[in-house]
Amino acid sequence: MNSLDLFLSLIKNGLATTLSLTFLSAALAFVLGLLSGLARLSRYGILRAVSSVYVEFFRGTSLLVQLFWIYYVLPVLGFRIPSFQAGVLAIGLNFGAYFSEIVRSSILAVPKGQTEACVALNFSPRKRMTRVVFPQALLRMLPSLGNQMIELLKSTSLVSLIALGDLTYRANILNASTFQTTTIYSLLLLLYFLISLPITRGVKLAEQKLSAGRL
Amino acid sequence: MLWDWQFAFSILPQILAALKITISATFAGFLLALILGMLFMFLSRSRVQPVSVVVKWLVQFIRNTPLLVQLYFVFYVFPELGVSLSPFTAGVIGLGIHYSTYLSEVFRSGIDAVPKGQWEACRALNFTRSQTWWKIIIPQGIPPVIPVIGNYLISMFKDTPLLSAITLVEILQTAKIIGSGTFRYLESFTIVGVLFFLLSYPASKLVKYMENRWNPRY
Amino acid sequence: MTQTAQPMVQYSKVSKSYGDLKVLKQIDFEIGKGEKVVLIGPSGSGKTTLARLLMTLERPDSGTITVDGTPLWHEMVKGKLVKAGEKHLRKMRGNIGMVFQHFNLFPNMTVLKNVMEAPVSVLKTSKDEAREKAEAMLDRIGLLDKANSYPAKLSGGQKQRVAIARALVMNPRIMIFDEPTSALDPELVGEVLDVIKSIADNEEMTMLLITHEMDFALDIADRVAFFDGGTIVEQGPPQKIFYEPESPRLKAFLRRFSRSGLRSGGE
């Protein structure tokens with residue numbers, strides 16, 4: 001097979017999986033990150049404790065180990081999770097912990113004067129957060145979130161190790177049958193790079209839109 | 001209970017023995033990453049346009065592509081070009097190159113943070129470029145970013161299980177071998193998970209402590 | 001200024017410390033209804049803390065503060081005086097507004113939205129009514145043409161005027177100004193002082209102003225209080241404080257301003 005055929009074959013068989021895995025686990029990570037980040041700033045000790053444990057644990061252990069654990073160990077405990085869902089779950093949980101820290105530190109970075117102005121104007125704590133603090137924190141979060149999205153994209157390649165048919169898995173299969181190793185893995189690297197470009201661009205656009213007129 | 005303590009203890013020595021490989025791969029890889037990172041940083045600041053542009057794109061390319069695929073590349077493609085490597089060596093090279101791109105960014109931000117006045121003072125005192133870098137700029141620019149570098153060391157440690165994909169028998173692979181042999185995955189994978197946590201959590205707390213002491217937030 | 005029987009604000013034996021540092025020491029202080037009081041004193045003397053306690057930004061360590069007869073930091077629960085909860089504080093805060101040294105405008109909103117936001121979110125005013133009131137207020141301070149600009153595009157003096165509008169539109173009965181012009185370039189100070197003066201012209205507004213602008217204090221203050229080291233060293237009508245200071249510490253403080261502060265009068 002020539003390079004073009006290899007390229008197309010990779011795309012046909014693996015791209016959809018890689019992309020859907022990326023989007024779904026990113027969605028899960030955002031939700032978890034937001035909830036957990038806010039929980040860590042909560043007045044209620046129990047919320048802070050639970051989400052701290054979540055964050056420290058998932059950041060402190062290896063994603064691949066987490067993935068294997070979900071795929072190989074959970075069945076032993078009664079939960080047999082198919083490889084795609086295991087991938088989404090592991091990546092989502094793992095990156096949710098990183099997102100949580102980004103959310104938390106961005107909110108803390110909003111200047112204290114903003115909160116004081118809200119107190120002076122008699123805002124309720126909820127309005128303070130939704131109308132003033134969080135919109136400002138969101139802008140600060142974007143660069144870090146953008147970086148984490150690229151990391152997330154890269155981490156989807158790990159699911160090839162639990163035999164899920166993403167780009168990397170397909171590349172390995174193709175390599176085993178055609179032995180055009182150099183071409184295949186070069187194309188694979190190129191593909192990931194190409195996918196990463198719109199993500200970076202998208203984050204930059206979001207940054208520009210949110211800061212329109214502000215700076 | 002499903003958990004078998006006796007079994008867990010019986011496989012512990014095997015896993016701990018493999019831990020040595022994990023840790024030596026981490027340190028070797030990190031050493032390489034430090035050296036290459038410095039190199040990339042210097043090259044990206046080169047006044048020779050083509051060099052700095054090429055290096056910047058290369059760094060970007062490596063950063064945006066998966067470590068796993070890069071490991072496959074080093075382990076499977078290099079032999080095609082005549083260089084055959086052991087899993088350990090290939091793993092160290094893969095880790096080193098991948099993380100050197102992160103570290104080059106960190107070094108660059110540390111150096112950029114050194115006030116421009118320092119460079120000007122060196123020029124006024126007629127220091128050579130080499131003296132300027134090694135006596136003045138680097139001693140000021142690098143210590144503040146050491147906590148960040150520390151965090152990357154911890155990240156690299158957590159990435160070593162990927163080396164199992166290129167057949168290096170580190171702790172995750174050991175656990176997998178035990179698991180597939182005995183059909184008991186619970187204890188082996190849990191022990192590996194706990195081991196990672198026991199090593200990286202205190203390390204990250206240490207890094208945070210260093211950061212608070214050296215770069216206090218006001 | 002006639003003092004009505006019950007003061008608008010009353011501090012009684014109020015103390016506040018930050019760690020080992022005693023910032024306010026058993027302060028007794030009153031502000032009458034419609035009175036304009038100016039606080040002067042060196043930094044760290046406690047005057048800002050006094051204002052922040054009133055705005056409920058900090059809690060006093062001991063003592064009580066009363067606003068128009070009602071305790072601010074305490075409430076009556078089942079006949080007993082206990083530490084005030086959030087609901088009570090929010091009720092009391094509705095009477096008090098504050099303008100900060102560093103403006104604290106909301107950077108993610110236009111000037112108009114900045115002024116509209118509190119009435120809509122807090123007073124539950126309708127958007128249309130809030131917009132009308134906001135535009136009227138902006139017109140009053142001469143910034144209606146900047147209504148759709150973001151704060152980042154405004155000068156310091158403009159930002160502070162917007163901040164004043166934002167606080168005023170909530171109809172507070174007490175306005176606190178914490179060094180409103182200290183962060184401004186000298187040529188921008190006048191426009192802000194003009195706005196504050198127009199507020200002072202309103203007889204019913206009770207004002208607490210912390211400032212180093214001595215001439216301005218002379219102009220609008222009913223009473224000036226000199227703070228130093230956590231206590232009120234001397235207070236009285238502005239003419240007396242500035243031109244016939246009694247205590248040595250006040251004299252020393254005023255000497256520092258004689259070159260840049262007070263015009264004519266006595267020298």
# chains A, B, ... in the order shown; residues from 1 in each chain; ligands from 1
>>> interface_residues(of="chain A", to="chain C", cutoff="8 Å", atoms="only C-alpha atoms", output="list in words")
Gly113, Gln114, Glu116, Ala117, Val119, Ala120, Leu121, Asn122, Phe123, Ser124, Lys127, Val132, Pro135, Gln136, Ser211, Gly213, Arg214 and Leu215 of chain A
>>> select_by_dssp(residues="stretch 21-157 of chain B", states="alpha helix (DSSP H)", output="ChimeraX atom specification")
/B:21-44,49-63,67-72,78-80,87-112,116-124,129-131,138-141,146-157
>>> residues_around(residues="B:Ile138", least_positions_apart="3", cutoff="12 Å", atoms="only C-alpha atoms", output="ChimeraX atom specification")
/B:38,41-42,107-114,118-119,129-135,141-146
>>> write_last_selection(atoms="C-alpha atoms", output="tab-separated table (two decimals), in the first residue's frame")
chain	number	residue	atom	x	y	z
B	38	MET	CA	18.27	23.16	27.79
B	41	MET	CA	15.78	26.36	24.82
B	42	PHE	CA	19.09	27.73	23.60
B	107	PHE	CA	13.39	26.96	31.06
B	108	ARG	CA	12.38	29.60	28.54
B	109	SER	CA	9.80	31.16	30.85
B	110	GLY	CA	12.30	31.14	33.70
B	111	ILE	CA	14.90	32.88	31.58
B	112	ASP	CA	12.38	35.37	30.20
B	113	ALA	CA	11.49	36.32	33.75
B	114	VAL	CA	14.98	37.60	34.44
B	118	GLN	CA	20.54	42.11	34.09
B	119	TRP	CA	21.52	41.49	30.48
B	129	ARG	CA	27.95	35.58	26.40
B	130	SER	CA	28.95	32.41	28.14
B	131	GLN	CA	29.73	34.22	31.39
B	132	THR	CA	26.48	36.14	31.18
B	133	TRP	CA	24.49	32.92	30.82
B	134	TRP	CA	26.19	30.73	33.36
B	135	LYS	CA	27.12	33.24	36.05
B	141	GLY	CA	16.18	32.28	36.08
B	142	ILE	CA	16.21	28.61	37.00
B	143	PRO	CA	15.64	28.37	40.78
B	144	PRO	CA	12.12	29.91	40.60
B	145	VAL	CA	11.02	27.26	38.10
B	146	ILE	CA	12.45	24.29	39.93
>>> residues_around(residues="stretch 165-168 of chain B", least_positions_apart="3", cutoff="8 Å", atoms="only C-alpha atoms", output="MDAnalysis selection string")
(chainID A and resid 161) or (chainID B and resid 68 71:72 75 87:88 91 161:162 173)
>>> closest_residue(among="B:Pro115, B:Leu163, B:Arg123, B:Phe157", to="B:Ile137", atoms="only C-alpha atoms")
B:Pro115
